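> Take this structure, written in structure tokens, and hold onto it; I'll ask about it next.
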Amino acid sequence: MPWTWQLKDWPNFRWRNGLLEQEERRFAEGVSVTIGSLRHLPASERDNLAIALLERDALGTSAIEGELLDRDSVQSSLRKHLGLAEALPPSARRSPREYGVAELMADLYQAPGAALTPERLFTWHRMLMHDRRDLATVEQYRQHAAPMQIVSCQIGDERVHYEAPPSARVPAEMAALLDWFARTAPGQPDALPAITRAAIAHLWFECIHPFEDGNGRIGRAIAEMALAQATGTPSFTGMSAVLNRQRKSYYEQLRRHSVRLDIDAWLQWFAQQALQAQAEADELVRFLIDKAALMTRLSGQLNPRQEKALLRLLREGPQGFAGGLSAGNYARITGAPPATVTRDLADLVNKGALRRTGERKGARYWLVIAGK
């Protein structure tokens, strides 16, 4: 069976007119609500929101590729690239991987409306690959004569899951994609709705697979860029975090659409992930608003241990610690002895900052903020 780029009508993807009409409307409405909520977020928390969203995206897009990054290092690198005060915890070890993906995310966040050009893609590739010594081409499209293949590496069951266009075709293929991306941008005669444009751009880029490595991360950055351009704001979706949780389905969708130009199923699947990502971004905004209100209410009422533990718990976001905060967690965070832990936690419950469930060793503590 021929690959997508070998089909006669490539790269003319086909989809049913009006297929995502409801999803596109829901996405636009959701973004408007989120932007409206930002007005209630204290200025001091807006930088924290940007860091939180970009951190989720950086960790998610790397995890999809099997790279588990150090969270503190990613956050510190993001703060550095965004020109914010940074304080790298002693436990964090900033490596080129964290630094590079954070640099890419910061560039995307700061200039979502900038043109998508070969030079910008090459810069992103350098950011991601600057610690690599095993690649023949960095900061340029691949040039090797051997086929660019995605192969399963199980011994005795090596299979080619996809083969991209030959390297010699990549510059022309990418020129066509980048021209289409510019022509379909908001305000252009051929403008496409946000989700549709993001989904097609991502699939098209992955079909070309123009770099030796980093194609997935750069392709997802292009999708985020398309969504941000449609809303007229920096990226507030965090698609990669959602795609990471749906990784198996995500890869299956890409595989299925590596041999066809009819993309109704891809658009519908991608739309559901975009809507989920937007909803989670909105939840995070509301959480930060509630967090600011909670800390304002408790101002001057907490001892240093309680404040440290509460901020650590809040850092986990709307879901908090998996399974709740235990006395053991509190002791590890604060270094407090058992009797002090018991008094501190009871006091936080009395102050309405935490609620308790369970008894004795099974006792767990949960944040008490609006909407939870």
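Identifiers in the structure tokens: chain A, B, ... in order shown; residue index from 1 per chain; ligand index from 1 in order shown.
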Output as a compact mmCIF listing (two decimals) with N, CA and C atoms, in the first residue's frame all residues of region 91-340 of chain A that backbone DSSP marks as helix (DSSP H, G or I).


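Final output, saved to out-v9.txt:
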# COMPACT_ATOMS: atom_id res chain seq x y z
N PRO A 96 20.89 19.73 28.90
CA PRO A 96 20.53 20.32 27.61
C PRO A 96 19.12 19.97 27.16
N ARG A 97 18.60 18.82 27.55
CA ARG A 97 17.26 18.42 27.14
C ARG A 97 16.21 19.37 27.73
N GLU A 98 16.31 19.59 29.05
CA GLU A 98 15.35 20.50 29.69
C GLU A 98 15.52 21.91 29.15
N TYR A 99 16.76 22.34 29.04
CA TYR A 99 17.02 23.71 28.60
C TYR A 99 16.50 23.94 27.19
N GLY A 100 16.72 22.94 26.31
CA GLY A 100 16.33 23.10 24.91
C GLY A 100 14.83 23.13 24.69
N VAL A 101 14.10 22.19 25.30
CA VAL A 101 12.65 22.18 25.10
C VAL A 101 12.01 23.39 25.77
N ALA A 102 12.57 23.85 26.89
CA ALA A 102 12.05 25.06 27.53
C ALA A 102 12.28 26.28 26.63
N GLU A 103 13.42 26.32 25.98
CA GLU A 103 13.72 27.43 25.07
C GLU A 103 12.74 27.46 23.91
N LEU A 104 12.42 26.28 23.37
CA LEU A 104 11.44 26.21 22.28
C LEU A 104 10.07 26.69 22.76
N MET A 105 9.62 26.21 23.92
CA MET A 105 8.32 26.61 24.44
C MET A 105 8.25 28.10 24.70
N ALA A 106 9.32 28.67 25.22
CA ALA A 106 9.34 30.10 25.49
C ALA A 106 9.26 30.90 24.19
N ASP A 107 9.97 30.45 23.15
CA ASP A 107 9.91 31.13 21.86
C ASP A 107 8.50 31.07 21.29
N LEU A 108 7.88 29.93 21.40
CA LEU A 108 6.51 29.76 20.90
C LEU A 108 5.54 30.65 21.66
N TYR A 109 5.72 30.74 22.97
CA TYR A 109 4.83 31.54 23.81
C TYR A 109 4.99 33.03 23.54
N GLN A 110 6.23 33.47 23.35
CA GLN A 110 6.49 34.90 23.19
C GLN A 110 6.17 35.42 21.80
N PRO A 118 11.42 28.27 7.31
CA PRO A 118 12.46 27.26 7.52
C PRO A 118 13.45 27.68 8.59
N GLU A 119 13.79 28.97 8.63
CA GLU A 119 14.76 29.45 9.61
C GLU A 119 14.25 29.27 11.04
N ARG A 120 12.95 29.52 11.25
CA ARG A 120 12.42 29.34 12.59
C ARG A 120 12.39 27.86 12.97
N LEU A 121 12.03 27.02 12.03
CA LEU A 121 12.05 25.58 12.29
C LEU A 121 13.47 25.10 12.59
N PHE A 122 14.43 25.62 11.84
CA PHE A 122 15.82 25.24 12.08
C PHE A 122 16.27 25.67 13.48
N THR A 123 15.83 26.86 13.91
CA THR A 123 16.16 27.33 15.25
C THR A 123 15.57 26.42 16.30
N TRP A 124 14.31 26.03 16.11
CA TRP A 124 13.69 25.09 17.05
C TRP A 124 14.46 23.78 17.09
N HIS A 125 14.89 23.32 15.92
CA HIS A 125 15.63 22.05 15.87
C HIS A 125 16.95 22.18 16.62
N ARG A 126 17.64 23.30 16.45
CA ARG A 126 18.89 23.51 17.20
C ARG A 126 18.63 23.50 18.70
N MET A 127 17.54 24.15 19.13
CA MET A 127 17.20 24.19 20.56
C MET A 127 17.04 22.78 21.12
N LEU A 128 16.36 21.93 20.36
CA LEU A 128 16.09 20.57 20.85
C LEU A 128 17.31 19.66 20.75
N MET A 129 18.16 19.88 19.77
CA MET A 129 19.21 18.92 19.44
C MET A 129 20.61 19.39 19.78
N SER A 167 14.88 12.34 1.30
CA SER A 167 15.46 13.61 1.74
C SER A 167 15.50 14.65 0.63
N ALA A 168 15.76 14.23 -0.60
CA ALA A 168 15.86 15.17 -1.71
C ALA A 168 14.54 15.92 -1.94
N ARG A 169 13.43 15.33 -1.53
CA ARG A 169 12.13 15.97 -1.73
C ARG A 169 11.72 16.89 -0.59
N VAL A 170 12.43 16.82 0.53
CA VAL A 170 11.99 17.53 1.73
C VAL A 170 11.89 19.05 1.54
N PRO A 171 12.88 19.73 0.97
CA PRO A 171 12.75 21.19 0.84
C PRO A 171 11.49 21.62 0.08
N ALA A 172 11.18 20.94 -1.01
CA ALA A 172 9.98 21.29 -1.78
C ALA A 172 8.71 20.94 -1.01
N GLU A 173 8.71 19.80 -0.33
CA GLU A 173 7.54 19.41 0.47
C GLU A 173 7.29 20.41 1.59
N MET A 174 8.35 20.83 2.25
CA MET A 174 8.20 21.79 3.34
C MET A 174 7.80 23.17 2.83
N ALA A 175 8.30 23.55 1.66
CA ALA A 175 7.90 24.84 1.09
C ALA A 175 6.40 24.87 0.84
N ALA A 176 5.84 23.76 0.37
CA ALA A 176 4.40 23.69 0.12
C ALA A 176 3.63 23.79 1.44
N LEU A 177 4.09 23.09 2.47
CA LEU A 177 3.42 23.14 3.77
C LEU A 177 3.47 24.55 4.37
N LEU A 178 4.63 25.18 4.35
CA LEU A 178 4.76 26.50 4.96
C LEU A 178 3.97 27.55 4.19
N ASP A 179 3.89 27.40 2.87
CA ASP A 179 3.06 28.32 2.07
C ASP A 179 1.59 28.15 2.45
N TRP A 180 1.14 26.91 2.58
CA TRP A 180 -0.25 26.64 3.00
C TRP A 180 -0.51 27.19 4.39
N PHE A 181 0.44 27.02 5.31
CA PHE A 181 0.27 27.50 6.68
C PHE A 181 0.09 29.01 6.70
N ALA A 182 0.85 29.72 5.86
CA ALA A 182 0.72 31.18 5.79
C ALA A 182 -0.61 31.58 5.16
N ARG A 183 -1.03 30.88 4.11
CA ARG A 183 -2.27 31.25 3.40
C ARG A 183 -3.52 30.95 4.21
N ALA A 194 -9.50 27.19 13.79
CA ALA A 194 -8.34 26.87 14.63
C ALA A 194 -7.99 25.39 14.66
N ILE A 195 -8.95 24.56 15.06
CA ILE A 195 -8.64 23.13 15.25
C ILE A 195 -8.32 22.47 13.91
N THR A 196 -9.09 22.79 12.89
CA THR A 196 -8.87 22.19 11.57
C THR A 196 -7.47 22.49 11.07
N ARG A 197 -7.07 23.75 11.17
CA ARG A 197 -5.74 24.15 10.70
C ARG A 197 -4.63 23.49 11.51
N ALA A 198 -4.80 23.45 12.82
CA ALA A 198 -3.78 22.83 13.67
C ALA A 198 -3.64 21.34 13.38
N ALA A 199 -4.78 20.66 13.22
CA ALA A 199 -4.75 19.21 12.99
C ALA A 199 -4.09 18.89 11.65
N ILE A 200 -4.44 19.64 10.60
CA ILE A 200 -3.86 19.37 9.28
C ILE A 200 -2.37 19.69 9.28
N ALA A 201 -2.00 20.82 9.87
CA ALA A 201 -0.59 21.20 9.89
C ALA A 201 0.25 20.14 10.59
N HIS A 202 -0.26 19.63 11.71
CA HIS A 202 0.50 18.62 12.45
C HIS A 202 0.62 17.33 11.65
N LEU A 203 -0.47 16.85 11.10
CA LEU A 203 -0.44 15.61 10.32
C LEU A 203 0.47 15.76 9.10
N TRP A 204 0.35 16.86 8.39
CA TRP A 204 1.16 17.11 7.19
C TRP A 204 2.64 17.11 7.53
N PHE A 205 3.00 17.82 8.60
CA PHE A 205 4.40 17.88 9.01
C PHE A 205 4.93 16.49 9.35
N GLU A 206 4.13 15.71 10.09
CA GLU A 206 4.58 14.37 10.46
C GLU A 206 4.72 13.46 9.25
N CYS A 207 3.88 13.67 8.24
CA CYS A 207 4.03 12.88 7.00
C CYS A 207 5.35 13.17 6.31
N ILE A 208 5.78 14.44 6.34
CA ILE A 208 7.05 14.81 5.69
C ILE A 208 8.24 14.35 6.53
N ASN A 215 11.01 15.44 15.16
CA ASN A 215 9.83 15.75 14.35
C ASN A 215 8.54 15.82 15.17
N GLY A 216 8.37 14.91 16.12
CA GLY A 216 7.16 14.92 16.92
C GLY A 216 7.02 16.18 17.74
N ARG A 217 8.10 16.56 18.42
CA ARG A 217 8.05 17.74 19.28
C ARG A 217 7.84 19.02 18.47
N ILE A 218 8.51 19.11 17.33
CA ILE A 218 8.33 20.30 16.50
C ILE A 218 6.94 20.31 15.86
N GLY A 219 6.46 19.14 15.46
CA GLY A 219 5.13 19.06 14.88
C GLY A 219 4.05 19.47 15.87
N ARG A 220 4.21 19.08 17.13
CA ARG A 220 3.23 19.48 18.14
C ARG A 220 3.34 20.97 18.45
N ALA A 221 4.55 21.52 18.36
CA ALA A 221 4.70 22.96 18.55
C ALA A 221 3.98 23.72 17.44
N ILE A 222 4.02 23.20 16.22
CA ILE A 222 3.31 23.84 15.10
C ILE A 222 1.81 23.82 15.36
N ALA A 223 1.29 22.72 15.89
CA ALA A 223 -0.13 22.65 16.21
C ALA A 223 -0.50 23.68 17.26
N GLU A 224 0.32 23.80 18.31
CA GLU A 224 0.07 24.81 19.34
C GLU A 224 0.11 26.21 18.76
N MET A 225 1.03 26.44 17.84
CA MET A 225 1.16 27.73 17.20
C MET A 225 -0.11 28.08 16.43
N ALA A 226 -0.65 27.11 15.72
CA ALA A 226 -1.88 27.34 14.94
C ALA A 226 -3.04 27.68 15.87
N LEU A 227 -3.16 26.98 16.99
CA LEU A 227 -4.24 27.27 17.94
C LEU A 227 -4.07 28.65 18.55
N ALA A 228 -2.82 29.02 18.89
CA ALA A 228 -2.57 30.33 19.49
C ALA A 228 -2.87 31.45 18.51
N GLN A 229 -2.50 31.28 17.24
CA GLN A 229 -2.76 32.31 16.24
C GLN A 229 -4.25 32.54 16.05
N ALA A 230 -5.03 31.49 16.15
CA ALA A 230 -6.47 31.62 15.95
C ALA A 230 -7.13 32.40 17.08
N THR A 231 -6.57 32.30 18.29
CA THR A 231 -7.17 32.99 19.43
C THR A 231 -6.60 34.37 19.65
N MET A 239 -1.74 21.17 24.60
CA MET A 239 -2.15 19.97 23.88
C MET A 239 -1.27 18.77 24.19
N SER A 240 0.02 18.98 24.34
CA SER A 240 0.93 17.84 24.49
C SER A 240 0.66 17.05 25.75
N ALA A 241 0.23 17.72 26.82
CA ALA A 241 -0.08 17.00 28.05
C ALA A 241 -1.24 16.03 27.82
N VAL A 242 -2.23 16.46 27.05
CA VAL A 242 -3.37 15.59 26.73
C VAL A 242 -2.93 14.49 25.78
N LEU A 243 -2.18 14.82 24.75
CA LEU A 243 -1.73 13.82 23.79
C LEU A 243 -0.87 12.75 24.47
N ASN A 244 -0.11 13.15 25.48
CA ASN A 244 0.71 12.16 26.18
C ASN A 244 -0.15 11.13 26.88
N ARG A 245 -1.26 11.56 27.48
CA ARG A 245 -2.15 10.61 28.15
C ARG A 245 -2.85 9.71 27.14
N ARG A 247 -1.37 8.66 24.31
CA ARG A 247 -0.25 8.37 23.43
C ARG A 247 -0.51 7.20 22.48
N LYS A 248 -1.04 6.10 23.01
CA LYS A 248 -1.28 4.93 22.16
C LYS A 248 -2.28 5.27 21.05
N SER A 249 -3.36 5.93 21.41
CA SER A 249 -4.36 6.32 20.42
C SER A 249 -3.79 7.34 19.43
N TYR A 250 -2.97 8.24 19.94
CA TYR A 250 -2.33 9.27 19.11
C TYR A 250 -1.47 8.63 18.03
N TYR A 251 -0.62 7.70 18.42
CA TYR A 251 0.24 7.03 17.44
C TYR A 251 -0.60 6.21 16.45
N GLU A 252 -1.67 5.61 16.94
CA GLU A 252 -2.52 4.82 16.06
C GLU A 252 -3.19 5.72 15.02
N GLN A 253 -3.64 6.88 15.43
CA GLN A 253 -4.26 7.82 14.49
C GLN A 253 -3.25 8.27 13.42
N LEU A 254 -2.04 8.58 13.85
CA LEU A 254 -1.02 8.97 12.87
C LEU A 254 -0.72 7.82 11.91
N ARG A 255 -0.66 6.61 12.45
CA ARG A 255 -0.39 5.46 11.58
C ARG A 255 -1.50 5.26 10.57
N ARG A 256 -2.75 5.32 11.02
CA ARG A 256 -3.90 5.12 10.12
C ARG A 256 -3.92 6.16 9.01
N ASP A 264 -11.28 12.76 7.86
CA ASP A 264 -12.39 13.05 8.78
C ASP A 264 -12.12 12.48 10.18
N ALA A 265 -11.68 11.23 10.24
CA ALA A 265 -11.46 10.59 11.54
C ALA A 265 -10.35 11.29 12.32
N TRP A 266 -9.29 11.67 11.62
CA TRP A 266 -8.19 12.39 12.28
C TRP A 266 -8.67 13.72 12.84
N LEU A 267 -9.41 14.48 12.06
CA LEU A 267 -9.90 15.78 12.52
C LEU A 267 -10.80 15.64 13.74
N GLN A 268 -11.68 14.65 13.71
CA GLN A 268 -12.60 14.46 14.85
C GLN A 268 -11.83 14.04 16.10
N TRP A 269 -10.87 13.16 15.94
CA TRP A 269 -10.07 12.72 17.09
C TRP A 269 -9.26 13.89 17.64
N PHE A 270 -8.60 14.62 16.78
CA PHE A 270 -7.77 15.76 17.20
C PHE A 270 -8.62 16.81 17.89
N ALA A 271 -9.83 17.04 17.38
CA ALA A 271 -10.72 18.04 17.96
C ALA A 271 -11.06 17.70 19.40
N GLN A 272 -11.30 16.44 19.69
CA GLN A 272 -11.62 16.04 21.06
C GLN A 272 -10.45 16.30 22.00
N GLN A 273 -9.23 16.09 21.52
CA GLN A 273 -8.06 16.35 22.35
C GLN A 273 -7.88 17.85 22.57
N ALA A 274 -8.14 18.64 21.53
CA ALA A 274 -8.01 20.09 21.65
C ALA A 274 -9.02 20.65 22.65
N LEU A 275 -10.25 20.14 22.60
CA LEU A 275 -11.28 20.59 23.54
C LEU A 275 -10.92 20.20 24.96
N GLN A 276 -10.39 19.01 25.14
CA GLN A 276 -9.98 18.57 26.48
C GLN A 276 -8.84 19.45 27.00
N ALA A 277 -7.88 19.75 26.13
CA ALA A 277 -6.75 20.59 26.52
C ALA A 277 -7.22 21.98 26.90
N GLN A 278 -8.15 22.53 26.13
CA GLN A 278 -8.66 23.87 26.44
C GLN A 278 -9.40 23.87 27.76
N ALA A 279 -10.18 22.84 28.03
CA ALA A 279 -10.91 22.74 29.29
C ALA A 279 -9.94 22.65 30.47
N GLU A 280 -8.85 21.91 30.31
CA GLU A 280 -7.88 21.78 31.39
C GLU A 280 -7.13 23.09 31.61
N ALA A 281 -6.87 23.82 30.53
CA ALA A 281 -6.24 25.14 30.67
C ALA A 281 -7.15 26.08 31.44
N ASP A 282 -8.44 26.03 31.15
CA ASP A 282 -9.40 26.86 31.87
C ASP A 282 -9.46 26.47 33.34
N GLU A 283 -9.43 25.15 33.60
CA GLU A 283 -9.44 24.68 34.98
C GLU A 283 -8.22 25.19 35.74
N LEU A 284 -7.07 25.22 35.07
CA LEU A 284 -5.85 25.69 35.71
C LEU A 284 -5.95 27.19 36.03
N VAL A 285 -6.51 27.97 35.10
CA VAL A 285 -6.69 29.40 35.35
C VAL A 285 -7.57 29.61 36.58
N ARG A 286 -8.68 28.90 36.64
CA ARG A 286 -9.59 29.05 37.78
C ARG A 286 -8.93 28.58 39.08
N PHE A 287 -8.13 27.54 38.99
CA PHE A 287 -7.41 27.06 40.16
C PHE A 287 -6.46 28.12 40.69
N LEU A 288 -5.74 28.79 39.80
CA LEU A 288 -4.79 29.82 40.23
C LEU A 288 -5.51 31.02 40.84
N ILE A 289 -6.70 31.34 40.31
CA ILE A 289 -7.50 32.40 40.91
C ILE A 289 -7.89 32.01 42.34
N ASP A 290 -8.34 30.77 42.50
CA ASP A 290 -8.74 30.28 43.83
C ASP A 290 -7.54 30.18 44.76
N LYS A 291 -6.41 29.79 44.21
CA LYS A 291 -5.18 29.70 45.01
C LYS A 291 -4.81 31.07 45.57
N ALA A 292 -4.85 32.09 44.70
CA ALA A 292 -4.52 33.44 45.16
C ALA A 292 -5.47 33.89 46.26
N ALA A 293 -6.76 33.57 46.10
CA ALA A 293 -7.74 33.96 47.12
C ALA A 293 -7.47 33.24 48.44
N LEU A 294 -7.11 31.95 48.36
CA LEU A 294 -6.83 31.17 49.56
C LEU A 294 -5.63 31.74 50.30
N MET A 295 -4.55 32.01 49.59
CA MET A 295 -3.34 32.50 50.23
C MET A 295 -3.55 33.90 50.81
N THR A 296 -4.38 34.70 50.15
CA THR A 296 -4.70 36.02 50.69
C THR A 296 -5.47 35.88 52.00
N ARG A 297 -6.43 34.96 52.03
CA ARG A 297 -7.24 34.75 53.24
C ARG A 297 -6.39 34.27 54.41
N PRO A 304 5.91 29.02 59.07
CA PRO A 304 6.71 28.74 57.87
C PRO A 304 6.55 27.31 57.34
N ARG A 305 6.38 26.33 58.24
CA ARG A 305 6.21 24.95 57.80
C ARG A 305 4.89 24.80 57.03
N GLN A 306 3.84 25.35 57.59
CA GLN A 306 2.52 25.24 56.96
C GLN A 306 2.51 25.91 55.59
N GLU A 307 3.12 27.08 55.53
CA GLU A 307 3.15 27.80 54.25
C GLU A 307 3.94 27.00 53.21
N LYS A 308 5.08 26.43 53.60
CA LYS A 308 5.89 25.65 52.68
C LYS A 308 5.12 24.44 52.16
N ALA A 309 4.45 23.73 53.07
CA ALA A 309 3.70 22.53 52.67
C ALA A 309 2.51 22.89 51.80
N LEU A 310 1.82 23.97 52.15
CA LEU A 310 0.65 24.36 51.37
C LEU A 310 1.05 24.78 49.95
N LEU A 311 2.13 25.54 49.84
CA LEU A 311 2.61 25.95 48.51
C LEU A 311 3.05 24.73 47.71
N ARG A 312 3.66 23.76 48.37
CA ARG A 312 4.08 22.54 47.66
C ARG A 312 2.86 21.78 47.16
N LEU A 313 1.82 21.71 47.98
CA LEU A 313 0.59 21.03 47.58
C LEU A 313 -0.09 21.77 46.43
N LEU A 314 -0.12 23.08 46.52
CA LEU A 314 -0.75 23.89 45.47
C LEU A 314 0.01 23.77 44.15
N ARG A 315 1.29 23.53 44.24
CA ARG A 315 2.09 23.41 43.02
C ARG A 315 1.65 22.23 42.16
N ALA A 327 0.45 12.50 56.40
CA ALA A 327 1.34 13.03 57.43
C ALA A 327 2.80 12.80 57.04
N GLY A 328 3.05 11.65 56.40
CA GLY A 328 4.41 11.37 55.95
C GLY A 328 4.88 12.36 54.90
N ASN A 329 4.00 12.72 53.94
CA ASN A 329 4.33 13.73 52.95
C ASN A 329 4.70 15.05 53.63
N TYR A 330 3.87 15.42 54.60
CA TYR A 330 4.08 16.69 55.29
C TYR A 330 5.43 16.69 56.01
N ALA A 331 5.75 15.59 56.63
CA ALA A 331 7.03 15.49 57.35
C ALA A 331 8.20 15.60 56.39
N ARG A 332 8.10 14.95 55.24
CA ARG A 332 9.20 15.01 54.27
C ARG A 332 9.36 16.42 53.70
N ILE A 333 8.26 17.12 53.49
CA ILE A 333 8.32 18.47 52.92
C ILE A 333 8.91 19.46 53.92
N THR A 334 8.52 19.32 55.20
CA THR A 334 8.87 20.33 56.20
C THR A 334 9.99 19.92 57.14
N PRO A 338 6.87 14.08 64.28
CA PRO A 338 5.47 13.62 64.23
C PRO A 338 4.49 14.49 65.02
N ALA A 339 4.84 14.88 66.24
CA ALA A 339 3.89 15.66 67.05
C ALA A 339 3.60 17.01 66.39
N THR A 340 4.64 17.61 65.82
CA THR A 340 4.45 18.91 65.15
C THR A 340 3.61 18.73 63.89

> Could you give me, as a PDB file with C-alpha atoms, in the first residue's frame, the residues within 9 Å of Trp366 (chain A), counting only C-alpha atoms and dropping anything in the same chain fewer than 6 positions from it?


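Listed below is the output, out_7.pdb:
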ATOM      1  CA  LEU A 313       0.593  21.025  47.576  1.00  0.00           C
ATOM      2  CA  GLY A 320      -3.294  17.925  44.039  1.00  0.00           C
ATOM      3  CA  PHE A 321      -1.186  15.017  45.299  1.00  0.00           C
ATOM      4  CA  GLY A 324      -4.013  13.161  48.982  1.00  0.00           C
ATOM      5  CA  LEU A 325      -1.474  14.673  51.376  1.00  0.00           C
ATOM      6  CA  ALA A 353      -7.266  25.257  54.204  1.00  0.00           C
ATOM      7  CA  LEU A 354      -7.469  21.449  54.213  1.00  0.00           C
ATOM      8  CA  ARG A 355     -10.136  18.835  54.781  1.00  0.00           C
ATOM      9  CA  ARG A 356      -9.355  15.457  56.247  1.00  0.00           C
ATOM     10  CA  THR A 357     -10.538  12.020  55.188  1.00  0.00           C
TER      11      THR A 357
END

> Just to confirm, what's the straight-line distance from CA of Ala164 (chain A) to CA of Phe13 (chain A) in Å (one decimal)?

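So the answer is 16.6 Å.
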
> What does the distance from CA of Glu29 (chain A) to CA of Val368 (chain A) come to in Å, to one decimal?

28.5 Å
